[in-house]
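Next up, input.pdb (PDB, C-alpha atoms and all ligand atoms):
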MODEL        1
ATOM      1  CA  MET U   1     -59.669  27.175  14.710  1.00  0.00           C
ATOM      2  CA  PHE U   2     -55.959  26.505  14.665  1.00  0.00           C
ATOM      3  CA  GLY U   3     -53.976  23.316  15.173  1.00  0.00           C
ATOM      4  CA  VAL U   4     -50.268  22.641  15.657  1.00  0.00           C
ATOM      5  CA  ASP U   5     -48.739  19.174  15.407  1.00  0.00           C
ATOM      6  CA  ILE U   6     -45.409  18.664  17.190  1.00  0.00           C
ATOM      7  CA  GLY U   7     -43.697  15.718  15.532  1.00  0.00           C
ATOM      8  CA  GLY U   8     -40.319  14.054  15.629  1.00  0.00           C
ATOM      9  CA  THR U   9     -39.193  15.811  12.433  1.00  0.00           C
ATOM     10  CA  GLY U  10     -41.397  18.872  12.064  1.00  0.00           C
ATOM     11  CA  ILE U  11     -43.636  21.307  13.908  1.00  0.00           C
ATOM     12  CA  LYS U  12     -46.489  22.097  11.561  1.00  0.00           C
ATOM     13  CA  GLY U  13     -49.627  24.121  11.851  1.00  0.00           C
ATOM     14  CA  ALA U  14     -52.483  25.733   9.982  1.00  0.00           C
ATOM     15  CA  PRO U  15     -55.892  27.252  10.453  1.00  0.00           C
ATOM     16  CA  VAL U  16     -58.504  24.514  10.121  1.00  0.00           C
ATOM     17  CA  ASP U  17     -61.959  24.568   8.604  1.00  0.00           C
ATOM     18  CA  LEU U  18     -63.902  22.453  11.088  1.00  0.00           C
ATOM     19  CA  ASP U  19     -66.925  22.071   8.829  1.00  0.00           C
ATOM     20  CA  ARG U  20     -64.861  20.335   6.185  1.00  0.00           C
ATOM     21  CA  GLY U  21     -62.262  18.804   8.508  1.00  0.00           C
ATOM     22  CA  ASP U  22     -59.478  20.156   6.366  1.00  0.00           C
ATOM     23  CA  LEU U  23     -56.825  22.860   6.430  1.00  0.00           C
ATOM     24  CA  ALA U  24     -58.200  26.299   5.633  1.00  0.00           C
ATOM     25  CA  GLU U  25     -54.779  27.458   4.390  1.00  0.00           C
ATOM     26  CA  GLU U  26     -51.587  25.750   3.378  1.00  0.00           C
ATOM     27  CA  ARG U  27     -49.751  24.574   6.476  1.00  0.00           C
ATOM     28  CA  TYR U  28     -46.461  26.032   7.654  1.00  0.00           C
ATOM     29  CA  LYS U  29     -43.712  23.795   8.989  1.00  0.00           C
ATOM     30  CA  VAL U  30     -40.456  24.345  10.851  1.00  0.00           C
ATOM     31  CA  PRO U  31     -37.988  21.542  11.591  1.00  0.00           C
ATOM     32  CA  THR U  32     -38.175  20.082  15.095  1.00  0.00           C
ATOM     33  CA  PRO U  33     -35.058  21.356  16.914  1.00  0.00           C
ATOM     34  CA  HIS U  34     -32.472  18.849  18.129  1.00  0.00           C
ATOM     35  CA  PRO U  35     -32.361  18.323  21.001  1.00  0.00           C
ATOM     36  CA  ALA U  36     -36.127  18.881  21.136  1.00  0.00           C
ATOM     37  CA  THR U  37     -36.110  20.658  24.496  1.00  0.00           C
ATOM     38  CA  PRO U  38     -39.340  22.265  25.730  1.00  0.00           C
ATOM     39  CA  GLU U  39     -38.037  25.825  25.247  1.00  0.00           C
ATOM     40  CA  SER U  40     -36.785  25.261  21.714  1.00  0.00           C
ATOM     41  CA  VAL U  41     -39.930  23.409  20.620  1.00  0.00           C
ATOM     42  CA  VAL U  42     -42.166  26.106  22.102  1.00  0.00           C
ATOM     43  CA  GLU U  43     -40.227  28.686  20.055  1.00  0.00           C
ATOM     44  CA  GLY U  44     -41.042  26.586  16.987  1.00  0.00           C
ATOM     45  CA  VAL U  45     -44.732  26.519  17.908  1.00  0.00           C
ATOM     46  CA  HIS U  46     -44.592  30.288  18.356  1.00  0.00           C
ATOM     47  CA  GLU U  47     -43.035  30.743  14.931  1.00  0.00           C
ATOM     48  CA  VAL U  48     -45.700  28.610  13.237  1.00  0.00           C
ATOM     49  CA  VAL U  49     -48.598  30.348  14.974  1.00  0.00           C
ATOM     50  CA  SER U  50     -47.168  33.861  14.407  1.00  0.00           C
ATOM     51  CA  LYS U  51     -46.819  33.140  10.708  1.00  0.00           C
ATOM     52  CA  PHE U  52     -50.619  33.203  10.480  1.00  0.00           C
ATOM     53  CA  GLY U  53     -51.142  35.959  13.076  1.00  0.00           C
ATOM     54  CA  TRP U  54     -53.495  33.607  14.946  1.00  0.00           C
ATOM     55  CA  THR U  55     -54.784  35.012  18.266  1.00  0.00           C
ATOM     56  CA  GLY U  56     -57.550  32.568  19.243  1.00  0.00           C
ATOM     57  CA  PRO U  57     -57.623  29.244  21.106  1.00  0.00           C
ATOM     58  CA  LEU U  58     -54.897  26.864  20.079  1.00  0.00           C
ATOM     59  CA  GLY U  59     -54.812  23.077  19.883  1.00  0.00           C
ATOM     60  CA  VAL U  60     -51.365  21.482  20.117  1.00  0.00           C
ATOM     61  CA  THR U  61     -50.360  17.835  19.806  1.00  0.00           C
ATOM     62  CA  PHE U  62     -47.407  16.256  21.582  1.00  0.00           C
ATOM     63  CA  PRO U  63     -45.662  12.935  20.749  1.00  0.00           C
ATOM     64  CA  GLY U  64     -46.035  11.481  24.239  1.00  0.00           C
ATOM     65  CA  VAL U  65     -48.511  10.947  27.066  1.00  0.00           C
ATOM     66  CA  VAL U  66     -50.369  14.132  28.084  1.00  0.00           C
ATOM     67  CA  VAL U  67     -52.567  14.251  31.172  1.00  0.00           C
ATOM     68  CA  ASP U  68     -54.178  17.563  32.186  1.00  0.00           C
ATOM     69  CA  GLY U  69     -51.620  19.496  30.147  1.00  0.00           C
ATOM     70  CA  VAL U  70     -48.667  17.747  31.781  1.00  0.00           C
ATOM     71  CA  THR U  71     -46.385  15.783  29.451  1.00  0.00           C
ATOM     72  CA  ARG U  72     -45.479  12.501  31.119  1.00  0.00           C
ATOM     73  CA  THR U  73     -43.304  10.693  28.582  1.00  0.00           C
ATOM     74  CA  ALA U  74     -40.849  11.766  25.890  1.00  0.00           C
ATOM     75  CA  ALA U  75     -39.771   8.761  23.801  1.00  0.00           C
ATOM     76  CA  ASN U  76     -38.698  10.796  20.761  1.00  0.00           C
ATOM     77  CA  VAL U  77     -38.112  14.243  22.262  1.00  0.00           C
ATOM     78  CA  ASP U  78     -35.882  15.636  25.022  1.00  0.00           C
ATOM     79  CA  PRO U  79     -36.426  14.127  28.527  1.00  0.00           C
ATOM     80  CA  GLY U  80     -36.916  17.676  29.821  1.00  0.00           C
ATOM     81  CA  TRP U  81     -40.603  17.282  28.861  1.00  0.00           C
ATOM     82  CA  ILE U  82     -41.233  14.565  31.449  1.00  0.00           C
ATOM     83  CA  GLY U  83     -43.428  15.900  34.247  1.00  0.00           C
ATOM     84  CA  LEU U  84     -43.622  19.388  32.724  1.00  0.00           C
ATOM     85  CA  ASP U  85     -46.759  21.543  32.685  1.00  0.00           C
ATOM     86  CA  ALA U  86     -46.257  21.973  28.949  1.00  0.00           C
ATOM     87  CA  ARG U  87     -49.731  23.344  28.326  1.00  0.00           C
ATOM     88  CA  ARG U  88     -48.973  26.243  30.650  1.00  0.00           C
ATOM     89  CA  LEU U  89     -45.512  26.799  29.133  1.00  0.00           C
ATOM     90  CA  ILE U  90     -46.988  27.101  25.630  1.00  0.00           C
ATOM     91  CA  SER U  91     -49.942  29.169  26.780  1.00  0.00           C
ATOM     92  CA  ASP U  92     -47.722  31.641  28.677  1.00  0.00           C
ATOM     93  CA  ARG U  93     -45.237  32.011  25.805  1.00  0.00           C
ATOM     94  CA  LEU U  94     -47.912  32.591  23.182  1.00  0.00           C
ATOM     95  CA  GLY U  95     -50.429  34.407  25.363  1.00  0.00           C
ATOM     96  CA  LEU U  96     -53.240  32.178  24.076  1.00  0.00           C
ATOM     97  CA  PRO U  97     -55.557  29.564  25.585  1.00  0.00           C
ATOM     98  CA  VAL U  98     -54.045  26.175  24.757  1.00  0.00           C
ATOM     99  CA  VAL U  99     -55.246  22.581  24.799  1.00  0.00           C
ATOM    100  CA  LEU U 100     -52.511  19.937  24.621  1.00  0.00           C
ATOM    101  CA  LEU U 101     -53.121  16.329  23.626  1.00  0.00           C
ATOM    102  CA  ASN U 102     -51.298  13.240  22.418  1.00  0.00           C
ATOM    103  CA  ASP U 103     -50.547  13.327  18.679  1.00  0.00           C
ATOM    104  CA  ALA U 104     -52.082   9.947  17.841  1.00  0.00           C
ATOM    105  CA  ASP U 105     -55.194  10.743  19.883  1.00  0.00           C
ATOM    106  CA  ALA U 106     -55.600  13.973  17.894  1.00  0.00           C
ATOM    107  CA  ALA U 107     -55.062  12.198  14.571  1.00  0.00           C
ATOM    108  CA  GLY U 108     -57.459   9.463  15.631  1.00  0.00           C
ATOM    109  CA  VAL U 109     -60.236  11.861  16.572  1.00  0.00           C
ATOM    110  CA  ALA U 110     -59.872  13.573  13.184  1.00  0.00           C
ATOM    111  CA  GLU U 111     -59.989  10.232  11.328  1.00  0.00           C
ATOM    112  CA  MET U 112     -63.056   9.105  13.281  1.00  0.00           C
ATOM    113  CA  THR U 113     -64.880  12.337  12.489  1.00  0.00           C
ATOM    114  CA  PHE U 114     -63.774  13.191   8.953  1.00  0.00           C
ATOM    115  CA  GLY U 115     -61.750  10.252   7.654  1.00  0.00           C
ATOM    116  CA  ALA U 116     -61.440   6.488   7.508  1.00  0.00           C
ATOM    117  CA  GLY U 117     -63.210   5.814  10.824  1.00  0.00           C
ATOM    118  CA  ARG U 118     -66.242   8.000  10.129  1.00  0.00           C
ATOM    119  CA  GLY U 119     -69.459   6.422  11.413  1.00  0.00           C
ATOM    120  CA  ARG U 120     -67.691   3.270  12.601  1.00  0.00           C
ATOM    121  CA  GLY U 121     -68.942   1.570  15.751  1.00  0.00           C
ATOM    122  CA  GLY U 122     -67.266  -1.222  17.689  1.00  0.00           C
ATOM    123  CA  THR U 123     -63.548  -1.063  18.469  1.00  0.00           C
ATOM    124  CA  THR U 124     -61.347   0.910  16.099  1.00  0.00           C
ATOM    125  CA  ILE U 125     -57.607   1.253  16.581  1.00  0.00           C
ATOM    126  CA  VAL U 126     -55.863   4.087  14.772  1.00  0.00           C
ATOM    127  CA  LEU U 127     -52.089   3.590  14.487  1.00  0.00           C
ATOM    128  CA  THR U 128     -49.711   6.275  13.258  1.00  0.00           C
ATOM    129  CA  LEU U 129     -46.496   4.853  11.867  1.00  0.00           C
ATOM    130  CA  GLY U 130     -44.042   7.744  11.818  1.00  0.00           C
ATOM    131  CA  THR U 131     -40.994   8.530  13.956  1.00  0.00           C
ATOM    132  CA  GLY U 132     -42.621   6.346  16.605  1.00  0.00           C
ATOM    133  CA  ILE U 133     -45.854   4.376  16.601  1.00  0.00           C
ATOM    134  CA  GLY U 134     -48.810   6.225  18.060  1.00  0.00           C
ATOM    135  CA  SER U 135     -52.152   4.653  18.928  1.00  0.00           C
ATOM    136  CA  ALA U 136     -55.704   5.772  19.550  1.00  0.00           C
ATOM    137  CA  ILE U 137     -58.419   3.326  20.586  1.00  0.00           C
ATOM    138  CA  PHE U 138     -62.089   4.126  20.019  1.00  0.00           C
ATOM    139  CA  VAL U 139     -65.029   2.203  21.373  1.00  0.00           C
ATOM    140  CA  ASP U 140     -68.208   3.205  19.537  1.00  0.00           C
ATOM    141  CA  GLY U 141     -66.445   6.426  18.547  1.00  0.00           C
ATOM    142  CA  ARG U 142     -65.291   7.320  22.055  1.00  0.00           C
ATOM    143  CA  LEU U 143     -61.569   7.709  22.652  1.00  0.00           C
ATOM    144  CA  VAL U 144     -59.598   5.903  25.353  1.00  0.00           C
ATOM    145  CA  PRO U 145     -56.719   8.439  25.613  1.00  0.00           C
ATOM    146  CA  ASN U 146     -52.954   7.871  25.943  1.00  0.00           C
ATOM    147  CA  THR U 147     -52.911   4.179  25.038  1.00  0.00           C
ATOM    148  CA  GLU U 148     -49.230   3.984  23.913  1.00  0.00           C
ATOM    149  CA  LEU U 149     -49.478   0.726  21.943  1.00  0.00           C
ATOM    150  CA  GLY U 150     -46.276   1.676  20.102  1.00  0.00           C
ATOM    151  CA  HIS U 151     -44.356   0.569  23.163  1.00  0.00           C
ATOM    152  CA  LEU U 152     -45.697  -2.968  23.290  1.00  0.00           C
ATOM    153  CA  GLU U 153     -42.866  -5.442  23.373  1.00  0.00           C
ATOM    154  CA  LEU U 154     -42.337  -7.445  20.203  1.00  0.00           C
ATOM    155  CA  HIS U 155     -39.714 -10.207  20.273  1.00  0.00           C
ATOM    156  CA  GLY U 156     -37.942  -8.427  23.100  1.00  0.00           C
ATOM    157  CA  HIS U 157     -37.942  -5.026  21.362  1.00  0.00           C
ATOM    158  CA  ASP U 158     -39.942  -1.859  21.759  1.00  0.00           C
ATOM    159  CA  ALA U 159     -42.434  -2.360  18.879  1.00  0.00           C
ATOM    160  CA  GLU U 160     -41.981   1.132  17.437  1.00  0.00           C
ATOM    161  CA  LYS U 161     -38.248   0.536  17.050  1.00  0.00           C
ATOM    162  CA  ARG U 162     -39.085  -2.365  14.697  1.00  0.00           C
ATOM    163  CA  ALA U 163     -42.249  -1.385  12.871  1.00  0.00           C
ATOM    164  CA  SER U 164     -42.425   2.431  12.653  1.00  0.00           C
ATOM    165  CA  GLY U 165     -41.986   4.282   9.372  1.00  0.00           C
ATOM    166  CA  LYS U 166     -38.647   5.525  10.700  1.00  0.00           C
ATOM    167  CA  ALA U 167     -37.456   1.956  11.367  1.00  0.00           C
ATOM    168  CA  ARG U 168     -38.121   1.107   7.717  1.00  0.00           C
ATOM    169  CA  GLU U 169     -36.068   4.090   6.569  1.00  0.00           C
ATOM    170  CA  ASP U 170     -33.259   3.758   9.116  1.00  0.00           C
ATOM    171  CA  GLU U 171     -32.738   0.078   8.374  1.00  0.00           C
ATOM    172  CA  ASP U 172     -33.388   0.509   4.668  1.00  0.00           C
ATOM    173  CA  LEU U 173     -35.934  -2.339   4.763  1.00  0.00           C
ATOM    174  CA  SER U 174     -37.760  -3.558   1.662  1.00  0.00           C
ATOM    175  CA  TRP U 175     -41.544  -3.141   1.727  1.00  0.00           C
ATOM    176  CA  GLU U 176     -41.854  -6.926   2.062  1.00  0.00           C
ATOM    177  CA  HIS U 177     -39.518  -7.080   5.036  1.00  0.00           C
ATOM    178  CA  TRP U 178     -41.130  -4.157   6.815  1.00  0.00           C
ATOM    179  CA  ALA U 179     -44.651  -5.452   6.070  1.00  0.00           C
ATOM    180  CA  ARG U 180     -43.735  -8.746   7.802  1.00  0.00           C
ATOM    181  CA  ARG U 181     -42.800  -6.806  10.909  1.00  0.00           C
ATOM    182  CA  LEU U 182     -45.955  -4.709  10.710  1.00  0.00           C
ATOM    183  CA  LYS U 183     -48.038  -7.859  10.327  1.00  0.00           C
ATOM    184  CA  LYS U 184     -46.519  -9.346  13.489  1.00  0.00           C
ATOM    185  CA  TYR U 185     -47.203  -6.121  15.318  1.00  0.00           C
ATOM    186  CA  LEU U 186     -50.818  -5.967  14.143  1.00  0.00           C
ATOM    187  CA  ALA U 187     -51.320  -9.630  15.072  1.00  0.00           C
ATOM    188  CA  HIS U 188     -50.073  -8.841  18.580  1.00  0.00           C
ATOM    189  CA  VAL U 189     -52.373  -5.845  18.961  1.00  0.00           C
ATOM    190  CA  GLU U 190     -55.241  -7.918  17.579  1.00  0.00           C
ATOM    191  CA  MET U 191     -54.549 -10.666  20.097  1.00  0.00           C
ATOM    192  CA  LEU U 192     -54.900  -8.110  22.898  1.00  0.00           C
ATOM    193  CA  PHE U 193     -57.871  -6.022  21.701  1.00  0.00           C
ATOM    194  CA  SER U 194     -59.740  -7.842  18.893  1.00  0.00           C
ATOM    195  CA  PRO U 195     -60.594  -4.592  17.108  1.00  0.00           C
ATOM    196  CA  ASP U 196     -63.093  -4.443  14.245  1.00  0.00           C
ATOM    197  CA  LEU U 197     -60.995  -1.960  12.315  1.00  0.00           C
ATOM    198  CA  PHE U 198     -57.391  -0.769  12.083  1.00  0.00           C
ATOM    199  CA  VAL U 199     -56.772   2.647  10.528  1.00  0.00           C
ATOM    200  CA  ILE U 200     -53.132   3.046   9.471  1.00  0.00           C
ATOM    201  CA  GLY U 201     -51.954   6.646   9.536  1.00  0.00           C
ATOM    202  CA  GLY U 202     -48.761   8.673   9.544  1.00  0.00           C
ATOM    203  CA  GLY U 203     -46.819   9.869   6.513  1.00  0.00           C
ATOM    204  CA  ILE U 204     -46.435   6.293   5.308  1.00  0.00           C
ATOM    205  CA  SER U 205     -50.205   5.914   4.812  1.00  0.00           C
ATOM    206  CA  ARG U 206     -49.723   7.730   1.491  1.00  0.00           C
ATOM    207  CA  LYS U 207     -47.874   4.627   0.305  1.00  0.00           C
ATOM    208  CA  SER U 208     -50.341   2.119   1.734  1.00  0.00           C
ATOM    209  CA  GLN U 209     -50.730   0.284  -1.573  1.00  0.00           C
ATOM    210  CA  LYS U 210     -47.079  -0.756  -1.216  1.00  0.00           C
ATOM    211  CA  PHE U 211     -47.598  -2.607   2.053  1.00  0.00           C
ATOM    212  CA  LEU U 212     -51.262  -3.158   2.972  1.00  0.00           C
ATOM    213  CA  PRO U 213     -51.758  -5.790   0.229  1.00  0.00           C
ATOM    214  CA  LEU U 214     -48.809  -7.704   1.750  1.00  0.00           C
ATOM    215  CA  ILE U 215     -50.472  -8.013   5.150  1.00  0.00           C
ATOM    216  CA  GLU U 216     -52.488 -11.200   5.487  1.00  0.00           C
ATOM    217  CA  GLY U 217     -53.908 -13.194   8.357  1.00  0.00           C
ATOM    218  CA  ILE U 218     -55.363 -10.307  10.357  1.00  0.00           C
ATOM    219  CA  SER U 219     -59.089 -10.675  11.076  1.00  0.00           C
ATOM    220  CA  ALA U 220     -59.818  -6.982  11.504  1.00  0.00           C
ATOM    221  CA  GLU U 221     -60.381  -4.790   8.479  1.00  0.00           C
ATOM    222  CA  ILE U 222     -57.291  -2.644   7.757  1.00  0.00           C
ATOM    223  CA  VAL U 223     -57.645   0.665   5.919  1.00  0.00           C
ATOM    224  CA  PRO U 224     -55.300   3.595   5.292  1.00  0.00           C
ATOM    225  CA  ALA U 225     -56.002   6.894   7.020  1.00  0.00           C
ATOM    226  CA  GLU U 226     -57.637   9.484   4.830  1.00  0.00           C
ATOM    227  CA  LEU U 227     -56.408  12.736   6.335  1.00  0.00           C
ATOM    228  CA  GLN U 228     -52.831  11.500   6.206  1.00  0.00           C
ATOM    229  CA  ASN U 229     -50.334  14.037   7.455  1.00  0.00           C
ATOM    230  CA  ASN U 230     -52.922  16.650   8.368  1.00  0.00           C
ATOM    231  CA  ALA U 231     -54.885  14.515  10.809  1.00  0.00           C
ATOM    232  CA  GLY U 232     -52.933  15.769  13.841  1.00  0.00           C
ATOM    233  CA  ILE U 233     -53.474  19.419  12.930  1.00  0.00           C
ATOM    234  CA  VAL U 234     -57.196  18.863  12.335  1.00  0.00           C
ATOM    235  CA  GLY U 235     -57.605  16.886  15.578  1.00  0.00           C
ATOM    236  CA  ALA U 236     -55.752  19.565  17.546  1.00  0.00           C
ATOM    237  CA  ALA U 237     -58.018  22.265  16.135  1.00  0.00           C
ATOM    238  CA  MET U 238     -61.079  20.158  16.999  1.00  0.00           C
ATOM    239  CA  ALA U 239     -59.880  19.992  20.615  1.00  0.00           C
ATOM    240  CA  ALA U 240     -59.261  23.763  20.632  1.00  0.00           C
ATOM    241  CA  ALA U 241     -62.845  24.327  19.512  1.00  0.00           C
ATOM    242  CA  LYS U 242     -63.988  22.831  22.812  1.00  0.00           C
ATOM    243  CA  LEU U 243     -61.996  25.317  24.932  1.00  0.00           C
TER     244      LEU U 243
HETATM  245  C1  LIG N 301     -45.020   8.050  21.906  1.00  0.00           C
HETATM  246  C2  LIG N 301     -46.497   8.255  21.681  1.00  0.00           C
HETATM  247  C3  LIG N 301     -46.713   8.935  20.347  1.00  0.00           C
HETATM  248  C4  LIG N 301     -46.029   8.164  19.236  1.00  0.00           C
HETATM  249  C5  LIG N 301     -46.144   8.869  17.910  1.00  0.00           C
HETATM  250  C6  LIG N 301     -44.441   7.280  20.751  1.00  0.00           C
HETATM  251  O1  LIG N 301     -43.070   7.084  20.935  1.00  0.00           O
HETATM  252  O2  LIG N 301     -44.767   7.356  23.100  1.00  0.00           O
HETATM  253  O3  LIG N 301     -47.056   9.022  22.706  1.00  0.00           O
HETATM  254  O4  LIG N 301     -48.089   9.035  20.100  1.00  0.00           O
HETATM  255  O5  LIG N 301     -44.652   7.981  19.524  1.00  0.00           O
HETATM  256  O6  LIG N 301     -45.539  10.106  17.912  1.00  0.00           O
ENDMDL
END

Write the structure described by the file as structure tokens, please.
Ligand code: BGC
Amino acid sequence: MFGVDIGGTGIKGAPVDLDRGDLAEERYKVPTPHPATPESVVEGVHEVVSKFGWTGPLGVTFPGVVVDGVTRTAANVDPGWIGLDARRLISDRLGLPVVLLNDADAAGVAEMTFGAGRGRGGTTIVLTLGTGIGSAIFVDGRLVPNTELGHLELHGHDAEKRASGKAREDEDLSWEHWARRLKKYLAHVEMLFSPDLFVIGGGISRKSQKFLPLIEGISAEIVPAELQNNAGIVGAAMAAAKL
């Protein structure tokens, strides 16, 4: 199977070994075009997929709400995506069957199957802290799609503008400072959902030892994601396998 992850900074893809839940070959990445219009991003997806000569079903993630292949929001990409039948656009351009899903949902499904959420019952919330904050909620392993917890309001701000990995970089925050913001965000999410487990993903999960030990006062267990930056690709390929 093959998965492509459309992110705020890169479009990356690889064939995936679904038995192991890992990439079957090294992934290939092109920078996300700016502005990230549908046409230019789809060209990027085409380039990634062509690189491997893939001709089967394709799973693609998108950093916004996706319902029945239609992209409904575009917080970190061009507004031209809003209301677009993006699944059809990609499928027509590449000539392949395509499934399109939210990036955090894809990463979450991969973590629940192969990573940090494996075998976990109860309520698990997977959060990806990258360009934005993505969320995936699982109840006894079953996904509630398109939850968008990155856009909760925190002290009058869009939470992802304060607590994403990008916010830490853009504002040049110390780990301590950023961890305080993340803690407030997690406390807010916990107040609303009382999860048993938080799985923290996104590129920053590689550095979890720098900030997870600083986060206290949250009742839920908090663990770093295990598939890290490949979770979206793996989750996309898992969705493609169901086509
Ligand atoms: C989007 C989400 C997405 C997250 C991570 C947010 O801005 O609204 O749909 O999952 O960023 O990319």

Give me the residues within 9 Å of Gly83 in chain U as a CSV table (one decimal) with C-alpha atoms, keeping the file's coordinate frame, counting all atoms listed in the file and dropping any in the same chain fewer than 6 places off.
chain,number,residue,atom,x,y,z
U,70,VAL,CA,-48.7,17.7,31.8
U,71,THR,CA,-46.4,15.8,29.5
U,72,ARG,CA,-45.5,12.5,31.1
U,73,THR,CA,-43.3,10.7,28.6

Query - Within 8 Å of range 58-67 of chain U using all atoms listed in the file, minus same-chain residues under 6 positions, as a VMD selection string - result: chain U and resid 1 to 8 73 to 77 96 to 104 106 134 146 148 232 to 233 236 to 240

Requested in this report: Could you give me, as a VMD selection string, the residues within 12 Å of Gly95 in chain U, counting all atoms listed in the file and dropping anything in the same chain fewer than 4 positions from it?
Outcome: chain U and resid 46 49 to 50 54 to 58 87 to 91

Query raised in the report: What does the distance from CA of His157 in chain U to CA of Val41 in chain U come to in Å, to one decimal?
Result: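 Interatomic distance here is 28.5 Å.
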
Reference answer for the PyMOL selection byres (((chain U and resi 36) around 10) and not hetatm), as a JSON list (two decimals) with C-alpha atoms, in the coordinates of the input:
[["chain", "number", "residue", "atom", "x", "y", "z"],
["U", 7, "GLY", "CA", -43.70, 15.72, 15.53],
["U", 8, "GLY", "CA", -40.32, 14.05, 15.63],
["U", 9, "THR", "CA", -39.19, 15.81, 12.43],
["U", 32, "THR", "CA", -38.17, 20.08, 15.10],
["U", 33, "PRO", "CA", -35.06, 21.36, 16.91],
["U", 34, "HIS", "CA", -32.47, 18.85, 18.13],
["U", 35, "PRO", "CA", -32.36, 18.32, 21.00],
["U", 37, "THR", "CA", -36.11, 20.66, 24.50],
["U", 38, "PRO", "CA", -39.34, 22.26, 25.73],
["U", 39, "GLU", "CA", -38.04, 25.82, 25.25],
["U", 40, "SER", "CA", -36.78, 25.26, 21.71],
["U", 41, "VAL", "CA", -39.93, 23.41, 20.62],
["U", 42, "VAL", "CA", -42.17, 26.11, 22.10],
["U", 74, "ALA", "CA", -40.85, 11.77, 25.89],
["U", 76, "ASN", "CA", -38.70, 10.80, 20.76],
["U", 77, "VAL", "CA", -38.11, 14.24, 22.26],
["U", 78, "ASP", "CA", -35.88, 15.64, 25.02],
["U", 79, "PRO", "CA", -36.43, 14.13, 28.53],
["U", 80, "GLY", "CA", -36.92, 17.68, 29.82],
["U", 81, "TRP", "CA", -40.60, 17.28, 28.86]]

Report summary line: Computed gap from CA of Arg180 in chain U to CA of Arg206 in chain U is 18.6 Å

Requested in this report: Excluding Phe193 in chain U and residues on its chain fewer than 2 positions from it, collect all residues at most 12 Å away from it, counting only C-alpha atoms, and give them as JSON, numbers by chain.
Outcome: {"U": [122, 123, 124, 125, 137, 138, 139, 147, 149, 186, 187, 188, 189, 190, 191, 195, 196, 197, 198, 219, 220]}

Report task. Check the smallest atom-to-atom distance from each of U:Lys184, U:His151, U:Lys51, U:His177 to ligand LIG 301 (chain N) using only C-alpha atoms and all ligand atoms, then report the winner. Result -> U:His151

Would you compute the box with edges along x, y and z of the file around range 233-242 of chain U, including every atom the file lists for it and 3 Å extra on each side, and give its centre and edge lengths in Å to one decimal, as AutoDock Vina command-line options?
--center_x -58.7 --center_y 20.6 --center_z 17.6 --size_x 16.5 --size_y 13.4 --size_z 16.5

Report task. Go through the shown structure with the PyMOL selection byres (((chain U and resi 224) around 6) and not hetatm) and write out the matching residues as a PyMOL selection string. Result -> chain U and resi 199-200+205+223+225

Report task. Please measure the separation of CA of Gly10 in chain U and CA of Leu23 in chain U, giving the value in Å to one decimal. Result -> 16.9 Å

Query raised in the report: Between U:Glu171, U:Glu226, U:Asp105, U:Asp140, which one has atoms that come closest to ligand LIG 301 (chain N), using all atoms listed in the file?
Result: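 Comparing U:Glu171, U:Glu226, U:Asp105, U:Asp140 against ligand LIG 301 (chain N), the winner is U:Asp105.
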
Query raised in the report: From the list U:Gly217, U:Gly53, U:Gly119, U:Gly130, which residue is nearest Pro15 in chain U when using all atoms listed in the file?
Result: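 Using all atoms listed in the file, Pro15 in chain U sits closest to U:Gly53.
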
Report task. With only C-alpha atoms counted, which protein, DNA or RNA residues have an atom no more than 7 Å from (-53.5, 24.8, 8.2) in the file frame? Please answer as a PyMOL selection string. Result -> chain U and resi 13-16+23-27

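Those DNA, RNA and protein residues that approach the point (-40.6, 30.3, 12.4) to within 10 Å, considering all atoms listed in the file, are Ile11, Tyr28, Lys29, Val30, Pro31, Glu43, Gly44, Val45, His46, Glu47, Val48, Val49, Ser50 and Lys51 of chain U.
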
Final N, CA and C atoms of range 153-161 of chain U as an mmCIF file, keeping the file's coordinate frame:
data_model
loop_
_atom_site.group_PDB
_atom_site.id
_atom_site.type_symbol
_atom_site.label_atom_id
_atom_site.label_comp_id
_atom_site.auth_asym_id
_atom_site.auth_seq_id
_atom_site.Cartn_x
_atom_site.Cartn_y
_atom_site.Cartn_z
ATOM 1 N N GLU U 153 -44.114 -4.741 23.639
ATOM 2 C CA GLU U 153 -42.866 -5.442 23.373
ATOM 3 C C GLU U 153 -43.092 -6.508 22.305
ATOM 4 N N LEU U 154 -42.223 -6.499 21.316
ATOM 5 C CA LEU U 154 -42.337 -7.445 20.203
ATOM 6 C C LEU U 154 -40.992 -8.147 20.060
ATOM 7 N N HIS U 155 -40.968 -9.445 20.329
ATOM 8 C CA HIS U 155 -39.714 -10.207 20.273
ATOM 9 C C HIS U 155 -38.598 -9.510 21.054
ATOM 10 N N GLY U 156 -38.943 -9.040 22.241
ATOM 11 C CA GLY U 156 -37.942 -8.427 23.100
ATOM 12 C C GLY U 156 -37.559 -7.001 22.737
ATOM 13 N N HIS U 157 -38.250 -6.414 21.754
ATOM 14 C CA HIS U 157 -37.942 -5.026 21.362
ATOM 15 C C HIS U 157 -39.164 -4.147 21.574
ATOM 16 N N ASP U 158 -38.893 -2.862 21.762
ATOM 17 C CA ASP U 158 -39.942 -1.859 21.759
ATOM 18 C C ASP U 158 -40.532 -1.883 20.337
ATOM 19 N N ALA U 159 -41.835 -2.144 20.213
ATOM 20 C CA ALA U 159 -42.434 -2.360 18.879
ATOM 21 C C ALA U 159 -42.140 -1.221 17.909
ATOM 22 N N GLU U 160 -42.168 0.023 18.393
ATOM 23 C CA GLU U 160 -41.981 1.132 17.437
ATOM 24 C C GLU U 160 -40.566 1.162 16.854
ATOM 25 N N LYS U 161 -39.622 0.565 17.578
ATOM 26 C CA LYS U 161 -38.248 0.536 17.050
ATOM 27 C C LYS U 161 -38.138 -0.447 15.875
#
